[in-house]
Structures are given as C-alpha cells and as structure tokens.
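> Please read through the structure below; I'll follow up with questions.
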Amino acid sequence: MKWLAHKWAVLRGWRFEGAVPPIPKLIILGAPHTTNWDFVLFLAALQHYRLKVRYLGKHSLFRWPFGTFFERLGGIPVDRSKASGVVGQVASAFDSRPEMVLVIAPEGTRGAGRWWKSGFLKIAEAASVPVVLAGVDYSTKTMTIGKEIRFEGDATAFMDLARDFYRDKRGLYPENETPVVLREELRRS
C-alpha cells in the first residue's frame, strides 16, 4: 500500500525534500492536516523515507477483532482514563523500545481549530526525544522534512521555530488550517 501511494504521489508530481535524521527515537510532527488525502501522502512519505512509524490510538480500537491489525500498522493504544495519562504511557513506550518514530498531527483534526494541541511537547520532554517538523504543501506539491529540534522547556521558542518552518506550507484546504500556536501562548497574550 505504501509503495502504491508513493507511485501515485510521484506520478502526480509530488516531490520529497529533506531527510529524516538518523536518530533511533524521535517525534515527527505532520502539518498542515486539512484532508483525508494527507493520509495517502503520509503513506507515500513512509515509502520514500523508508520509515517504520508509530501513532497513537484510543485503546478501545485495539480490542478484538481489530487490535492486531492496528498494532501491526504501528498503533500504540493509549487510555486517557489511566492515572499515568497519555504522556506517561507514550514516554513508557519510548523507554521500552530501542527505536521508535512517533508521528503526530498536532492540529488534532482536519478542520480549522484555534490552536495546536501541546501534547507532543509534553511527550518530547518526558521521553527526552527530539521533534522533527514535517510539512505538506499542496501549492507546490512538496513534502518537506525539517531539522530536529530539542525541546528545552520554552514552548514559545519552540513554536517560533515551528511557525517559521510551516509559514509557507499550505494544506489542500487552506481555510481548514489551524494556526501554528498553542493555547498556552494565547493565554499569555
């Protein structure tokens, strides 16, 4: 399926820029996320960059009869009701594996939101892993992998780097893009 998605993307004129750093554990942020077609491009990128990734899913999705299917696709079940919380569960998943690439769509939805979800920063800090920014730009048919960024505790400084990276990236439906800002930043202004 990844091979077919990659072939489709290349035939449609999509280009892939940048490289995933050779780091065994990291988080990749994918944005903007405005359409289901982003999933096809995600599969194409997995093929192009030869990535095996993990993603987060509601724990109830991992029950019989589909549990094995979602786990084989890289799913990590998370239970929001557990005392350890999602951040603790994902940090434990990073700790229990020698290699792990976690992909997160920080907008949390394909529709226009008011801010990005900040969980990726909390996970990066708890697991002591870097974040790599990845962007899709439908206006130029380009998928770009940026440099790794270590979260040093200053969310605004991190988000300034993210805003700079995503400044020229456009989703298929730009009106559905969520501003590259955290709710915590809006509270301060």
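Simple scheme: letters A, B, ... for chains in structure tokens order, numbers from 1 for residues in each chain, numbers from 1 for ligands in the order shown.
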Can you list, as a ChimeraX atom specification, every protein, DNA or RNA residue that comes within 7 Å of Val136 (chain A) when you count only C-alpha atoms, leaving out same-chain residues fewer than 4 positions away?

/A:31-32,142-144,169-171

> Per DSSP on the backbone, filter region 14-189 of chain A down to the residues in strand (DSSP E) and report them as a PyMOL selection string.

chain A and resi 15-17+25-31+55-58+75-78+100-104+131-137+142-149

> Please save N, CA and C atoms of the selected residues as a CSV table (one decimal), in the first residue's frame.


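Result file is part_38.csv:
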chain,number,residue,atom,x,y,z
A,15,ARG,N,7.0,16.1,-4.8
A,15,ARG,CA,8.5,16.0,-4.5
A,15,ARG,C,8.7,15.8,-3.0
A,16,PHE,N,9.8,15.2,-2.7
A,16,PHE,CA,10.1,15.0,-1.3
A,16,PHE,C,11.4,15.7,-1.0
A,17,GLU,N,11.5,16.5,0.0
A,17,GLU,CA,12.7,17.3,0.3
A,17,GLU,C,13.1,17.0,1.8
A,25,LYS,N,15.2,7.4,18.2
A,25,LYS,CA,13.9,7.8,18.8
A,25,LYS,C,13.6,9.3,18.6
A,26,LEU,N,12.4,9.5,18.0
A,26,LEU,CA,12.0,10.9,17.8
A,26,LEU,C,10.5,11.0,17.5
A,27,ILE,N,10.1,12.2,17.5
A,27,ILE,CA,8.7,12.5,17.2
A,27,ILE,C,8.7,13.3,15.9
A,28,ILE,N,7.8,12.9,15.0
A,28,ILE,CA,7.7,13.7,13.7
A,28,ILE,C,6.3,14.4,13.8
A,29,LEU,N,6.3,15.7,13.6
A,29,LEU,CA,5.0,16.4,13.5
A,29,LEU,C,4.6,16.6,12.0
A,30,GLY,N,3.4,16.2,11.7
A,30,GLY,CA,2.9,16.4,10.3
A,30,GLY,C,1.8,17.5,10.3
A,31,ALA,N,2.1,18.5,9.5
A,31,ALA,CA,1.1,19.6,9.3
A,31,ALA,C,1.3,20.3,8.0
A,55,TYR,N,2.0,5.5,15.8
A,55,TYR,CA,1.0,6.5,16.0
A,55,TYR,C,0.2,6.2,17.2
A,56,LEU,N,-0.5,7.1,17.8
A,56,LEU,CA,-1.4,7.0,19.0
A,56,LEU,C,-2.8,6.7,18.5
A,57,GLY,N,-3.4,5.8,19.3
A,57,GLY,CA,-4.8,5.5,19.0
A,57,GLY,C,-5.6,5.2,20.3
A,58,LYS,N,-6.8,5.5,20.3
A,58,LYS,CA,-7.7,5.2,21.5
A,58,LYS,C,-7.6,3.7,21.8
A,75,GLY,N,0.3,1.1,15.6
A,75,GLY,CA,-0.5,1.8,16.6
A,75,GLY,C,-0.1,1.5,18.1
A,76,ILE,N,-0.1,2.6,18.9
A,76,ILE,CA,0.1,2.4,20.3
A,76,ILE,C,-1.2,2.8,21.0
A,77,PRO,N,-1.8,1.8,21.7
A,77,PRO,CA,-3.0,2.1,22.4
A,77,PRO,C,-2.8,3.0,23.6
A,78,VAL,N,-3.6,4.1,23.8
A,78,VAL,CA,-3.5,4.9,24.9
A,78,VAL,C,-4.8,5.0,25.6
A,100,MET,N,12.1,4.1,18.1
A,100,MET,CA,10.7,4.5,17.9
A,100,MET,C,10.6,5.8,17.3
A,101,VAL,N,9.8,5.9,16.2
A,101,VAL,CA,9.5,7.1,15.5
A,101,VAL,C,8.0,7.3,15.6
A,102,LEU,N,7.6,8.3,16.4
A,102,LEU,CA,6.2,8.6,16.6
A,102,LEU,C,5.7,9.7,15.7
A,103,VAL,N,4.6,9.5,15.0
A,103,VAL,CA,4.1,10.6,14.1
A,103,VAL,C,2.9,11.2,14.8
A,104,ILE,N,2.8,12.5,14.9
A,104,ILE,CA,1.7,13.2,15.5
A,104,ILE,C,1.2,14.3,14.6
A,131,VAL,N,12.1,16.5,18.3
A,131,VAL,CA,11.0,16.6,17.4
A,131,VAL,C,11.5,17.0,16.0
A,132,VAL,N,10.9,16.4,15.0
A,132,VAL,CA,11.3,16.8,13.6
A,132,VAL,C,10.0,17.3,13.0
A,133,LEU,N,10.1,18.5,12.4
A,133,LEU,CA,8.9,19.0,11.7
A,133,LEU,C,8.8,18.5,10.3
A,134,ALA,N,7.6,18.1,9.9
A,134,ALA,CA,7.4,17.6,8.5
A,134,ALA,C,6.2,18.4,8.0
A,135,GLY,N,6.3,18.9,6.8
A,135,GLY,CA,5.2,19.7,6.2
A,135,GLY,C,4.8,19.3,4.8
A,136,VAL,N,3.5,19.4,4.6
A,136,VAL,CA,3.0,19.2,3.3
A,136,VAL,C,2.6,20.5,2.7
A,137,ASP,N,2.9,20.7,1.4
A,137,ASP,CA,2.5,21.9,0.7
A,137,ASP,C,1.8,21.6,-0.6
A,142,THR,N,4.9,19.5,-2.5
A,142,THR,CA,6.1,19.2,-1.9
A,142,THR,C,5.9,18.7,-0.4
A,143,MET,N,6.6,17.6,-0.1
A,143,MET,CA,6.6,17.2,1.3
A,143,MET,C,8.0,17.4,1.8
A,144,THR,N,8.1,18.1,2.9
A,144,THR,CA,9.4,18.5,3.4
A,144,THR,C,9.7,18.0,4.8
A,145,ILE,N,10.8,17.5,5.1
A,145,ILE,CA,11.3,17.1,6.4
A,145,ILE,C,12.3,18.1,6.9
A,146,GLY,N,12.0,18.7,8.0
A,146,GLY,CA,12.9,19.7,8.6
A,146,GLY,C,14.0,19.1,9.5
A,147,LYS,N,14.7,20.0,10.2
A,147,LYS,CA,15.7,19.6,11.1
A,147,LYS,C,15.1,19.1,12.5
A,148,GLU,N,15.9,18.4,13.2
A,148,GLU,CA,15.4,18.0,14.6
A,148,GLU,C,15.5,19.2,15.5
A,149,ILE,N,14.6,19.3,16.4
A,149,ILE,CA,14.6,20.3,17.4
A,149,ILE,C,14.4,19.7,18.8

> Find the residue from A:Pro24, A:Pro106, A:Pro65, A:Gly88 that sits nearest to Met159 (chain A); use only C-alpha atoms when measuring.

A:Pro106

> Quick one: residues within 6 Å of region 91-98 of chain A, only C-alpha atoms counted, chain neighbours fewer than 2 positions away excluded, as a PyMOL selection string?

chain A and resi 88-89+126-127

> Pull the closest atom pair for each residue of region 19-42 of chain A that gets at most 6 Å from region 108-125 of chain A, along with the distance in Å to one decimal, counting only C-alpha atoms, ordering rows by chain and then ascending residue number, as a tab-separated table.


residue	atom	partner	partner_atom	distance
A:His33	CA	A:Arg110	CA	5.3
A:Thr34	CA	A:Arg110	CA	4.2
A:Thr35	CA	A:Arg110	CA	5.7

> Selected residues, N, CA and C atoms, written as a compact mmCIF listing (two decimals), in the first residue's frame, please.


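Contents of result.txt, freshly written:
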# COMPACT_ATOMS: atom_id res chain seq x y z
N HIS A 33 -2.81 19.65 8.32
CA HIS A 33 -3.64 18.47 8.10
C HIS A 33 -5.06 18.94 7.83
N THR A 34 -5.44 18.98 6.53
CA THR A 34 -6.74 19.55 6.16
C THR A 34 -7.64 18.61 5.37
N THR A 35 -7.16 17.39 5.07
CA THR A 35 -7.93 16.49 4.21
C THR A 35 -7.53 15.03 4.46

> Restricting the calculation to only C-alpha atoms, which member of A:Pro21, A:Leu186, A:Glu99, A:Gly13 is positioned closest to Lys52 (chain A)?

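Nearest to Lys52 (chain A): A:Glu99.
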
> Return the single residue from A:Ala105, A:Leu73, A:Leu46, A:Leu11 that is closest to Thr178 (chain A), with distances computed using only C-alpha atoms.

A:Ala105

> Quick one: residues within 10 Å of region 1-3 of chain A, only C-alpha atoms counted, chain neighbours fewer than 2 positions away excluded, as a ChimeraX atom specification?

/A:5-9,40-48,50

> Export, as a PDB file, in the first residue's frame, the selected residues with C-alpha atoms.


ATOM      1  CA  ALA A   5       0.781   5.601  -2.529  1.00  0.00           C
ATOM      2  CA  HIS A   6       4.359   6.641  -3.332  1.00  0.00           C
ATOM      3  CA  LYS A   7       3.950   5.751  -7.002  1.00  0.00           C
ATOM      4  CA  TRP A   8       0.682   7.738  -7.137  1.00  0.00           C
ATOM      5  CA  ALA A   9       2.302  10.786  -5.478  1.00  0.00           C
ATOM      6  CA  VAL A  40      -2.160   8.920   1.213  1.00  0.00           C
ATOM      7  CA  LEU A  41       0.746  11.394   1.207  1.00  0.00           C
ATOM      8  CA  PHE A  42       1.754  10.122   4.656  1.00  0.00           C
ATOM      9  CA  LEU A  43       1.948   6.587   3.241  1.00  0.00           C
ATOM     10  CA  ALA A  44       3.955   7.891   0.263  1.00  0.00           C
ATOM     11  CA  ALA A  45       6.397   9.600   2.634  1.00  0.00           C
ATOM     12  CA  LEU A  46       6.796   6.402   4.666  1.00  0.00           C
ATOM     13  CA  GLN A  47       7.809   4.607   1.476  1.00  0.00           C
ATOM     14  CA  HIS A  48      10.073   7.396   0.239  1.00  0.00           C
ATOM     15  CA  ARG A  50      11.836   4.099   4.386  1.00  0.00           C
TER      16      ARG A  50
END

> Please provide the set of residues having any atom within 12 Å of Arg188 (chain A), restricted to only C-alpha atoms, with same-chain residues fewer than 4 positions apart removed, written as a ChimeraX atom specification.

/A:155-156,181-184

> Please write the residues from the selection above to a file, keeping C-alpha atoms, as a short mmCIF file (atom, residue, chain, number, x, y, z; two decimals), in the first residue's frame.


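The resulting file, out07.cif, is shown below:
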data_model
loop_
_atom_site.label_atom_id
_atom_site.label_comp_id
_atom_site.auth_asym_id
_atom_site.auth_seq_id
_atom_site.Cartn_x
_atom_site.Cartn_y
_atom_site.Cartn_z
CA ALA A 155 7.25 26.45 24.37
CA THR A 156 7.22 29.86 22.68
CA VAL A 181 0.12 28.42 18.07
CA LEU A 182 -0.50 26.69 21.39
CA ARG A 183 -3.41 27.53 23.66
CA GLU A 184 -0.87 28.33 26.38
#

> DSSP on the backbone, alpha helix (DSSP H) only: what residues of region 8-146 of chain A does that give? Format it as a PyMOL selection string.

chain A and resi 8-11+37-49+67-72+85-95+119-127

> Can you write just those residues out, N, CA and C atoms, as a short mmCIF file (atom, residue, chain, number, x, y, z; two decimals), in the first residue's frame?


data_model
loop_
_atom_site.label_atom_id
_atom_site.label_comp_id
_atom_site.auth_asym_id
_atom_site.auth_seq_id
_atom_site.Cartn_x
_atom_site.Cartn_y
_atom_site.Cartn_z
N TRP A 8 1.74 6.79 -6.81
CA TRP A 8 0.68 7.74 -7.14
C TRP A 8 1.18 9.17 -6.94
N ALA A 9 1.83 9.43 -5.79
CA ALA A 9 2.30 10.79 -5.48
C ALA A 9 3.33 11.26 -6.50
N VAL A 10 4.27 10.40 -6.84
CA VAL A 10 5.31 10.77 -7.80
C VAL A 10 4.69 11.03 -9.18
N LEU A 11 3.76 10.17 -9.59
CA LEU A 11 3.10 10.37 -10.89
C LEU A 11 2.28 11.67 -10.90
N TRP A 37 -6.77 13.11 2.15
CA TRP A 37 -5.69 12.84 1.20
C TRP A 37 -4.32 12.91 1.87
N ASP A 38 -4.24 13.62 2.99
CA ASP A 38 -2.97 13.69 3.73
C ASP A 38 -2.49 12.30 4.12
N PHE A 39 -3.43 11.38 4.39
CA PHE A 39 -3.06 10.02 4.76
C PHE A 39 -2.34 9.32 3.60
N VAL A 40 -2.82 9.52 2.38
CA VAL A 40 -2.16 8.92 1.21
C VAL A 40 -0.74 9.48 1.08
N LEU A 41 -0.59 10.79 1.28
CA LEU A 41 0.75 11.39 1.21
C LEU A 41 1.63 10.92 2.35
N PHE A 42 1.03 10.69 3.51
CA PHE A 42 1.75 10.12 4.66
C PHE A 42 2.31 8.75 4.29
N LEU A 43 1.48 7.91 3.67
CA LEU A 43 1.95 6.59 3.24
C LEU A 43 3.06 6.72 2.21
N ALA A 44 2.92 7.67 1.28
CA ALA A 44 3.96 7.89 0.26
C ALA A 44 5.27 8.30 0.92
N ALA A 45 5.19 9.16 1.93
CA ALA A 45 6.40 9.60 2.63
C ALA A 45 7.05 8.44 3.38
N LEU A 46 6.24 7.57 3.98
CA LEU A 46 6.80 6.40 4.67
C LEU A 46 7.61 5.56 3.70
N GLN A 47 7.09 5.38 2.49
CA GLN A 47 7.81 4.61 1.48
C GLN A 47 9.06 5.34 1.04
N HIS A 48 8.94 6.62 0.74
CA HIS A 48 10.07 7.40 0.24
C HIS A 48 11.23 7.43 1.25
N TYR A 49 10.89 7.69 2.51
CA TYR A 49 11.93 7.83 3.54
C TYR A 49 12.26 6.51 4.23
N GLY A 67 -7.63 -5.31 16.95
CA GLY A 67 -6.45 -4.94 17.73
C GLY A 67 -5.13 -5.29 17.06
N THR A 68 -5.00 -6.51 16.60
CA THR A 68 -3.75 -6.94 15.96
C THR A 68 -3.48 -6.14 14.69
N PHE A 69 -4.55 -5.86 13.94
CA PHE A 69 -4.41 -5.08 12.71
C PHE A 69 -3.82 -3.70 13.01
N PHE A 70 -4.39 -2.99 14.00
CA PHE A 70 -3.92 -1.65 14.33
C PHE A 70 -2.50 -1.67 14.90
N GLU A 71 -2.17 -2.70 15.68
CA GLU A 71 -0.82 -2.81 16.22
C GLU A 71 0.20 -3.05 15.11
N ARG A 72 -0.15 -3.87 14.14
CA ARG A 72 0.75 -4.12 13.01
C ARG A 72 0.98 -2.88 12.17
N GLY A 85 -1.74 8.89 32.56
CA GLY A 85 -2.01 9.81 31.46
C GLY A 85 -1.35 9.39 30.17
N VAL A 86 -1.75 10.04 29.11
CA VAL A 86 -1.23 9.71 27.78
C VAL A 86 0.27 9.97 27.70
N VAL A 87 0.72 11.09 28.27
CA VAL A 87 2.14 11.43 28.21
C VAL A 87 2.97 10.34 28.86
N GLY A 88 2.56 9.88 30.04
CA GLY A 88 3.29 8.82 30.73
C GLY A 88 3.28 7.51 29.96
N GLN A 89 2.15 7.18 29.36
CA GLN A 89 2.05 5.95 28.58
C GLN A 89 2.98 5.99 27.36
N VAL A 90 3.02 7.13 26.69
CA VAL A 90 3.86 7.24 25.49
C VAL A 90 5.34 7.29 25.88
N ALA A 91 5.67 7.98 26.96
CA ALA A 91 7.05 8.00 27.44
C ALA A 91 7.51 6.58 27.78
N SER A 92 6.62 5.79 28.39
CA SER A 92 6.94 4.39 28.69
C SER A 92 7.16 3.59 27.41
N ALA A 93 6.35 3.88 26.40
CA ALA A 93 6.53 3.19 25.11
C ALA A 93 7.89 3.52 24.51
N PHE A 94 8.32 4.77 24.60
CA PHE A 94 9.65 5.15 24.12
C PHE A 94 10.73 4.41 24.93
N ASP A 95 10.55 4.36 26.26
CA ASP A 95 11.54 3.70 27.12
C ASP A 95 11.66 2.21 26.84
N GLY A 119 0.39 18.30 23.46
CA GLY A 119 0.84 17.00 23.95
C GLY A 119 2.19 16.56 23.39
N PHE A 120 2.47 16.91 22.14
CA PHE A 120 3.74 16.48 21.54
C PHE A 120 4.93 17.06 22.30
N LEU A 121 4.81 18.29 22.81
CA LEU A 121 5.91 18.88 23.59
C LEU A 121 6.06 18.18 24.93
N LYS A 122 4.94 17.85 25.56
CA LYS A 122 4.99 17.14 26.84
C LYS A 122 5.60 15.76 26.67
N ILE A 123 5.26 15.09 25.59
CA ILE A 123 5.83 13.77 25.31
C ILE A 123 7.32 13.89 25.03
N ALA A 124 7.70 14.86 24.20
CA ALA A 124 9.12 15.06 23.87
C ALA A 124 9.94 15.29 25.13
N GLU A 125 9.40 16.10 26.03
CA GLU A 125 10.11 16.40 27.28
C GLU A 125 10.19 15.17 28.18
N ALA A 126 9.06 14.47 28.36
CA ALA A 126 9.02 13.30 29.25
C ALA A 126 9.89 12.16 28.73
N ALA A 127 9.93 11.98 27.41
CA ALA A 127 10.70 10.88 26.82
C ALA A 127 12.11 11.30 26.43
#
